[in-house]
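A.B. asks: What follows is final-v2.cif, made up of mmCIF, C-alpha atoms:
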```
data_final
#
loop_
_atom_site.group_PDB
_atom_site.id
_atom_site.type_symbol
_atom_site.label_atom_id
_atom_site.label_comp_id
_atom_site.auth_asym_id
_atom_site.auth_seq_id
_atom_site.Cartn_x
_atom_site.Cartn_y
_atom_site.Cartn_z
ATOM 1 C CA MET A 185 -16.656 12.159 0.446
ATOM 2 C CA ARG A 186 -16.397 11.144 4.079
ATOM 3 C CA PHE A 187 -14.086 8.425 5.244
ATOM 4 C CA GLU A 188 -13.121 6.766 8.468
ATOM 5 C CA VAL A 189 -9.950 4.877 9.303
ATOM 6 C CA ALA A 190 -10.542 1.556 11.063
ATOM 7 C CA HIS A 191 -7.649 -0.702 11.994
ATOM 8 C CA ALA A 192 -7.751 -4.435 11.421
ATOM 9 C CA LYS A 193 -5.796 -6.464 13.915
ATOM 10 C CA ILE A 194 -4.479 -9.404 11.924
ATOM 11 C CA ASP A 195 -1.233 -11.361 11.856
ATOM 12 C CA GLU A 196 0.715 -10.072 8.850
ATOM 13 C CA SER A 197 3.318 -12.838 8.864
ATOM 14 C CA PRO A 198 3.958 -14.513 5.511
ATOM 15 C CA LYS A 199 3.200 -18.204 5.205
ATOM 16 C CA SER A 200 5.968 -20.581 4.180
ATOM 17 C CA GLY A 201 6.530 -20.482 0.409
ATOM 18 C CA GLU A 202 3.945 -17.744 -0.115
ATOM 19 C CA THR A 203 4.531 -15.404 -3.069
ATOM 20 C CA ALA A 204 4.286 -11.621 -2.781
ATOM 21 C CA ARG A 205 1.031 -11.649 -4.757
ATOM 22 C CA ALA A 206 -0.542 -14.452 -2.700
ATOM 23 C CA MET A 207 0.469 -12.906 0.622
ATOM 24 C CA THR A 208 -0.695 -9.366 -0.167
ATOM 25 C CA ARG A 209 -4.009 -10.655 -1.534
ATOM 26 C CA ARG A 210 -4.584 -12.776 1.561
ATOM 27 C CA LEU A 211 -3.743 -9.916 3.926
ATOM 28 C CA ALA A 212 -5.670 -7.222 2.022
ATOM 29 C CA GLN A 213 -8.740 -9.470 2.031
ATOM 30 C CA ALA A 214 -8.333 -10.299 5.726
ATOM 31 C CA LYS A 215 -8.051 -6.597 6.592
ATOM 32 C CA ALA A 216 -11.150 -5.697 4.566
ATOM 33 C CA ASP A 217 -13.121 -8.643 5.993
ATOM 34 C CA SER A 218 -12.137 -7.736 9.564
ATOM 35 C CA VAL A 219 -13.302 -4.136 9.215
ATOM 36 C CA ALA A 220 -16.438 -5.070 7.259
ATOM 37 C CA HIS A 221 -17.352 -7.477 10.071
ATOM 38 C CA LYS A 222 -17.095 -4.623 12.601
ATOM 39 C CA PHE A 223 -19.533 -2.519 10.569
ATOM 40 C CA LYS A 224 -21.796 -5.239 9.141
ATOM 41 C CA LYS A 225 -24.856 -4.177 11.135
ATOM 42 C CA LYS A 226 -24.774 -0.678 9.618
ATOM 43 C CA ARG A 227 -25.580 -1.997 6.115
ATOM 44 C CA SER A 228 -24.700 1.405 4.744
ATOM 45 C CA GLU A 229 -23.500 2.280 1.279
ATOM 46 C CA ALA A 230 -19.979 2.520 2.660
ATOM 47 C CA ILE A 231 -17.151 0.688 0.946
ATOM 48 C CA VAL A 232 -14.430 -0.913 3.050
ATOM 49 C CA ILE A 233 -10.911 -0.832 1.603
ATOM 50 C CA GLY A 234 -8.151 -3.157 2.775
ATOM 51 C CA ALA A 235 -4.624 -3.038 1.364
ATOM 52 C CA ASP A 236 -1.283 -4.708 1.916
ATOM 53 C CA THR A 237 2.126 -3.983 0.399
ATOM 54 C CA THR A 238 5.375 -5.905 0.341
ATOM 55 C CA VAL A 239 8.735 -5.672 -1.381
ATOM 56 C CA GLU A 240 10.037 -8.725 -3.242
ATOM 57 C CA ILE A 241 13.624 -9.287 -4.318
ATOM 58 C CA ASP A 242 15.035 -12.605 -5.511
ATOM 59 C CA GLY A 243 11.936 -14.388 -4.211
ATOM 60 C CA HIS A 244 12.384 -12.961 -0.689
ATOM 61 C CA LEU A 245 9.614 -10.854 0.833
ATOM 62 C CA LEU A 246 10.685 -7.724 2.708
ATOM 63 C CA GLY A 247 8.001 -6.398 5.001
ATOM 64 C CA LYS A 248 8.471 -3.731 7.632
ATOM 65 C CA PRO A 249 11.794 -4.104 9.456
ATOM 66 C CA ASP A 250 11.529 -4.960 13.149
ATOM 67 C CA SER A 251 14.765 -3.177 14.084
ATOM 68 C CA LEU A 252 17.340 -0.707 12.819
ATOM 69 C CA LYS A 253 19.659 -3.640 12.144
ATOM 70 C CA THR A 254 17.041 -5.329 9.941
ATOM 71 C CA ALA A 255 16.435 -2.023 8.123
ATOM 72 C CA ARG A 256 20.170 -1.740 7.356
ATOM 73 C CA GLU A 257 20.222 -5.338 6.059
ATOM 74 C CA MET A 258 17.217 -4.697 3.802
ATOM 75 C CA LEU A 259 18.729 -1.535 2.359
ATOM 76 C CA ARG A 260 22.036 -3.335 1.688
ATOM 77 C CA ARG A 261 20.081 -6.036 -0.160
ATOM 78 C CA LEU A 262 18.208 -3.450 -2.287
ATOM 79 C CA SER A 263 21.304 -1.314 -2.999
ATOM 80 C CA GLY A 264 22.117 -1.138 -6.711
ATOM 81 C CA ARG A 265 19.385 -3.640 -7.591
ATOM 82 C CA THR A 266 15.889 -3.798 -8.999
ATOM 83 C CA HIS A 267 13.026 -5.122 -6.906
ATOM 84 C CA ARG A 268 9.237 -5.307 -7.097
ATOM 85 C CA VAL A 269 6.711 -3.579 -4.893
ATOM 86 C CA VAL A 270 3.472 -5.547 -4.789
ATOM 87 C CA THR A 271 0.244 -4.140 -3.349
ATOM 88 C CA SER A 272 -3.123 -5.830 -3.233
ATOM 89 C CA VAL A 273 -6.346 -3.958 -2.587
ATOM 90 C CA ALA A 274 -9.607 -5.555 -1.440
ATOM 91 C CA THR A 275 -12.926 -3.691 -1.424
ATOM 92 C CA ILE A 276 -16.263 -4.667 0.121
ATOM 93 C CA ARG A 277 -19.528 -2.755 -0.318
ATOM 94 C CA LEU A 278 -21.299 -3.073 3.034
ATOM 95 C CA LEU A 279 -24.822 -2.761 1.630
ATOM 96 C CA ASP A 280 -24.744 -6.077 -0.202
ATOM 97 C CA GLY A 281 -21.301 -7.591 0.422
ATOM 98 C CA ALA A 282 -20.118 -7.118 -3.181
ATOM 99 C CA ALA A 283 -16.345 -7.537 -3.143
ATOM 100 C CA GLN A 284 -13.338 -7.151 -5.399
ATOM 101 C CA ILE A 285 -9.620 -7.773 -5.089
ATOM 102 C CA ALA A 286 -6.816 -6.643 -7.389
ATOM 103 C CA THR A 287 -3.023 -6.489 -7.339
ATOM 104 C CA GLU A 288 -0.537 -3.929 -8.664
ATOM 105 C CA SER A 289 3.172 -4.551 -9.196
ATOM 106 C CA THR A 290 5.866 -1.922 -9.789
ATOM 107 C CA ARG A 291 9.557 -2.427 -10.566
ATOM 108 C CA VAL A 292 11.835 -0.123 -8.582
ATOM 109 C CA HIS A 293 15.464 0.533 -9.561
ATOM 110 C CA PHE A 294 17.480 1.372 -6.461
ATOM 111 C CA ALA A 295 20.740 3.331 -6.569
ATOM 112 C CA ARG A 296 23.923 1.825 -5.201
ATOM 113 C CA LEU A 297 24.207 3.040 -1.616
ATOM 114 C CA ALA A 298 27.338 3.703 0.416
ATOM 115 C CA ALA A 299 27.381 2.292 3.950
ATOM 116 C CA SER A 300 27.300 5.863 5.283
ATOM 117 C CA GLU A 301 24.137 6.643 3.269
ATOM 118 C CA ILE A 302 22.419 3.588 4.711
ATOM 119 C CA ALA A 303 23.520 4.489 8.248
ATOM 120 C CA ASP A 304 22.375 8.113 7.885
ATOM 121 C CA TYR A 305 19.007 7.088 6.435
ATOM 122 C CA VAL A 306 18.353 4.426 9.064
ATOM 123 C CA ALA A 307 19.211 6.969 11.773
ATOM 124 C CA THR A 308 16.169 9.014 10.664
ATOM 125 C CA GLN A 309 14.014 6.010 11.662
ATOM 126 C CA GLU A 310 11.875 6.563 8.540
ATOM 127 C CA PRO A 311 12.575 3.001 7.333
ATOM 128 C CA LEU A 312 11.069 1.349 10.416
ATOM 129 C CA ASP A 313 7.418 1.340 9.380
ATOM 130 C CA LYS A 314 7.897 0.876 5.641
ATOM 131 C CA ALA A 315 7.912 -2.326 3.616
ATOM 132 C CA GLY A 316 11.435 -2.796 2.289
ATOM 133 C CA ALA A 317 12.760 -0.201 4.775
ATOM 134 C CA TYR A 318 12.289 2.875 2.592
ATOM 135 C CA ALA A 319 9.710 5.520 1.760
ATOM 136 C CA ILE A 320 9.761 6.707 -1.862
ATOM 137 C CA GLN A 321 7.589 9.674 -0.833
ATOM 138 C CA GLY A 322 10.010 10.620 1.941
ATOM 139 C CA LEU A 323 13.750 10.784 2.436
ATOM 140 C CA GLY A 324 14.159 7.381 0.772
ATOM 141 C CA GLY A 325 13.018 8.837 -2.556
ATOM 142 C CA ARG A 326 16.544 10.100 -3.197
ATOM 143 C CA PHE A 327 17.717 6.499 -3.617
ATOM 144 C CA ILE A 328 15.298 5.614 -6.423
ATOM 145 C CA ASP A 329 16.841 5.856 -9.905
ATOM 146 C CA ARG A 330 13.563 5.055 -11.685
ATOM 147 C CA ILE A 331 10.397 3.015 -11.484
ATOM 148 C CA GLU A 332 8.400 1.025 -14.002
ATOM 149 C CA GLY A 333 4.739 1.197 -13.075
ATOM 150 C CA CYS A 334 2.596 3.038 -10.565
ATOM 151 C CA TYR A 335 4.340 5.484 -8.219
ATOM 152 C CA PHE A 336 1.407 5.393 -5.779
ATOM 153 C CA ASN A 337 1.762 1.632 -5.563
ATOM 154 C CA VAL A 338 5.271 2.116 -4.180
ATOM 155 C CA VAL A 339 3.850 4.600 -1.663
ATOM 156 C CA GLY A 340 1.461 1.824 -0.598
ATOM 157 C CA LEU A 341 -1.917 2.480 -2.267
ATOM 158 C CA PRO A 342 -2.239 2.305 -6.066
ATOM 159 C CA LEU A 343 -4.739 5.135 -6.556
ATOM 160 C CA ALA A 344 -5.690 4.496 -10.204
ATOM 161 C CA LEU A 345 -6.382 0.840 -9.422
ATOM 162 C CA LEU A 346 -8.446 1.769 -6.356
ATOM 163 C CA TYR A 347 -10.378 4.374 -8.366
ATOM 164 C CA ARG A 348 -11.353 1.767 -10.997
ATOM 165 C CA MET A 349 -12.366 -0.664 -8.241
ATOM 166 C CA LEU A 350 -14.578 1.928 -6.528
ATOM 167 C CA ILE A 351 -16.230 2.838 -9.837
ATOM 168 C CA GLY A 352 -16.852 -0.896 -10.362
ATOM 169 C CA LEU A 353 -18.762 -0.965 -7.068
ATOM 170 C CA GLY A 354 -20.957 1.961 -8.115
ATOM 171 C CA TRP A 355 -19.154 4.778 -6.319
ATOM 172 C CA GLN A 356 -19.470 8.120 -8.063
ATOM 173 C CA PRO A 357 -16.816 10.793 -7.608
ATOM 174 C CA ALA A 358 -17.902 14.345 -6.837
ATOM 175 C CA ALA A 359 -18.053 16.663 -9.828
ATOM 176 C CA LEU A 360 -15.112 19.055 -10.054
ATOM 177 C CA ASN A 361 -15.124 22.612 -11.321
ATOM 178 C CA ARG A 362 -12.515 23.973 -13.748
ATOM 179 C CA ARG A 363 -10.090 24.590 -10.880
ATOM 180 C CA GLY A 364 -10.193 20.919 -9.865
ATOM 181 C CA ARG A 365 -12.240 21.556 -6.740
ATOM 182 C CA ALA A 366 -15.624 20.251 -5.722
ATOM 183 C CA PRO A 367 -18.186 22.979 -6.430
ATOM 184 C CA ASN A 368 -19.623 24.945 -3.546
ATOM 185 C CA ARG A 369 -22.984 23.579 -2.661
ATOM 186 C CA PRO A 370 -25.774 25.976 -1.707
ATOM 187 C CA ARG A 371 -26.563 25.941 1.975
ATOM 188 C CA PRO A 372 -30.111 25.024 2.995
#
```
As structure tokens - that is how I would like this structure written.

C.D. replies:
Amino acid sequence: MRFEVAHAKIDESPKSGETARAMTRRLAQAKADSVAHKFKKKRSEAIVIGADTTVEIDGHLLGKPDSLKTAREMLRRLSGRTHRVVTSVATIRLLDGAAQIATESTRVHFARLAASEIADYVATQEPLDKAGAYAIQGLGGRFIDRIEGCYFNVVGLPLALLYRMLIGLGWQPAALNRRGRAPNRPRP
């Protein structure tokens, strides 16, 4: 399977009163639409995927922090508490414009953090480009006591959900051999 990364330049600011689900759905769809528009003349069998993730705690949406100070504030807010990670995924098949959108939500139980742990973690700068100011797949994973739901959703792309969406659009995965690898194809 070949893929290409194409960036969508859209304003990711939440609208007043917007829920995590509504915002991520709006942004995932806008990202997919923007990229599909760039490639619309190709009319290929390609499928465009747009996704957006946010962290929600007590009705507040925590996107990517804009500074180290904001990252520290977010981590203090999450410390010792449970929050939700919400990701929406939008897909568009270029050939005919068939589209889908779906949302995944995962509850994340955060450990209680000492001020020094927050300071040390923020100093790594890992939190700066992550919704909620942490990366479960990185150094921030040490602060997660447990999750309820999809791990990959917390990373930022719920793979099982995306797989079902792609199958729904007619995509067929490559056959795998017993070792879990795509079989070698004979060369012409």

A.B. asks: Selected by the PyMOL selection byres ((chain A and resi 217) around 10) in the shown coordinates: which residues, as a PyMOL selection string?

C.D. replies: chain A and resi 192+211-216+218-224+232-234+274-276+281+283

A.B. asks: Would you put the residues from that selection into a file with C-alpha atoms, as an mmCIF file, in the frame of the given file?

C.D. replies:
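selection-v1.cif, freshly written:
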```cif
data_model
loop_
_atom_site.group_PDB
_atom_site.id
_atom_site.type_symbol
_atom_site.label_atom_id
_atom_site.label_comp_id
_atom_site.auth_asym_id
_atom_site.auth_seq_id
_atom_site.Cartn_x
_atom_site.Cartn_y
_atom_site.Cartn_z
ATOM 1 C CA ALA A 192 -7.751 -4.435 11.421
ATOM 2 C CA LEU A 211 -3.743 -9.916 3.926
ATOM 3 C CA ALA A 212 -5.670 -7.222 2.022
ATOM 4 C CA GLN A 213 -8.740 -9.470 2.031
ATOM 5 C CA ALA A 214 -8.333 -10.299 5.726
ATOM 6 C CA LYS A 215 -8.051 -6.597 6.592
ATOM 7 C CA ALA A 216 -11.150 -5.697 4.566
ATOM 8 C CA SER A 218 -12.137 -7.736 9.564
ATOM 9 C CA VAL A 219 -13.302 -4.136 9.215
ATOM 10 C CA ALA A 220 -16.438 -5.070 7.259
ATOM 11 C CA HIS A 221 -17.352 -7.477 10.071
ATOM 12 C CA LYS A 222 -17.095 -4.623 12.601
ATOM 13 C CA PHE A 223 -19.533 -2.519 10.569
ATOM 14 C CA LYS A 224 -21.796 -5.239 9.141
ATOM 15 C CA VAL A 232 -14.430 -0.913 3.050
ATOM 16 C CA ILE A 233 -10.911 -0.832 1.603
ATOM 17 C CA GLY A 234 -8.151 -3.157 2.775
ATOM 18 C CA ALA A 274 -9.607 -5.555 -1.440
ATOM 19 C CA THR A 275 -12.926 -3.691 -1.424
ATOM 20 C CA ILE A 276 -16.263 -4.667 0.121
ATOM 21 C CA GLY A 281 -21.301 -7.591 0.422
ATOM 22 C CA ALA A 283 -16.345 -7.537 -3.143
#
```

A.B. asks: Of the candidates A:Arg296, A:His191, A:Arg291, A:Lys248, which one gets nearest to Arg260 (chain A) if we count all atoms listed in the file?

C.D. replies: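 Of A:Arg296, A:His191, A:Arg291, A:Lys248, the one nearest Arg260 (chain A), counting all atoms listed in the file, is A:Arg296.
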
A.B. asks: Region 204-239 of chain A near region 319-337 of chain A within 12 Å: what's each residue's closest atom pair and its distance in Å to one decimal, counting only C-alpha atoms, ordered by chain then ascending residue number, as a tab-separated table?

C.D. replies:
```
residue	atom	partner	partner_atom	distance
A:Ala235	CA	A:Asn337	CA	10.5
A:Asp236	CA	A:Asn337	CA	10.3
A:Thr237	CA	A:Asn337	CA	8.2
A:Thr238	CA	A:Asn337	CA	10.2
A:Val239	CA	A:Asn337	CA	10.9
```

A.B. asks: Between A:Val292, A:Leu297, A:Ala317, A:Ala230, which residue has the minimum interatomic distance to Phe187 (chain A), considering all atoms listed in the file?

C.D. replies: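 Selected residue with least distance to Phe187 (chain A): A:Ala230.
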
A.B. asks: Please, what distance in Å, to one decimal, runs between CA of Gly316 (chain A) and CA of Ile285 (chain A)?

C.D. replies: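 Value for the CA of Gly316 (chain A)-CA of Ile285 (chain A) distance: 22.9 Å.
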
A.B. asks: Measure the distance from CA of Glu229 (chain A) to CA of Val273 (chain A) in Å and round it to one decimal.

C.D. replies: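 Separation of CA of Glu229 (chain A) and CA of Val273 (chain A): 18.7 Å.
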
A.B. asks: CA of Pro342 (chain A) to CA of Pro357 (chain A): how many Å, to one decimal?

C.D. replies: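 Interatomic distance here is 16.9 Å.
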
A.B. asks: Given all atoms listed in the file as the basis, pick out the residue of A:Glu202, A:Ser300, A:Gly243, A:Ile231 nearest to Glu188 (chain A).

C.D. replies: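 The answer is A:Ile231, which sits nearest to Glu188 (chain A).
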
A.B. asks: Which residue out of A:Thr287, A:Leu245, A:Trp355, A:Asp304 has the minimum interatomic distance to Lys199 (chain A) when only C-alpha atoms are used?

C.D. replies: A:Leu245

A.B. asks: Name the residues that the PyMOL selection byres ((chain A and resi 247) around 12) picks from the file above, as a PyMOL selection string, using the file's chain letters and numbers.

C.D. replies: chain A and resi 196-198+204+207-208+236-241+244-246+248-251+254-255+258+269-271+311-318+340

A.B. asks: Could you check the closest approach to Gln284 (chain A) for each of A:Leu343, A:Ala190, A:Ala206, A:Leu353 and tell me which residue wins, using only C-alpha atoms?

C.D. replies: A:Leu353

A.B. asks: Restricting the calculation to only C-alpha atoms: of A:Ala298, A:Ala286, A:Arg261, A:Thr308, which residue gets closest to Met349 (chain A)?

C.D. replies: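 Checking each candidate against Met349 (chain A), we get A:Ala286 as the closest.
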
A.B. asks: Could you put an axis-aligned box around every listed atom of region 201-211 of chain A, padded by 6 Å on each side, and send me its centre and edge lengths in Å to one decimal, as AutoDock Vina command-line options?

C.D. replies:
```
--center_x 1.0 --center_y -14.9 --center_z -0.4 --size_x 23.1 --size_y 23.1 --size_z 20.7
```
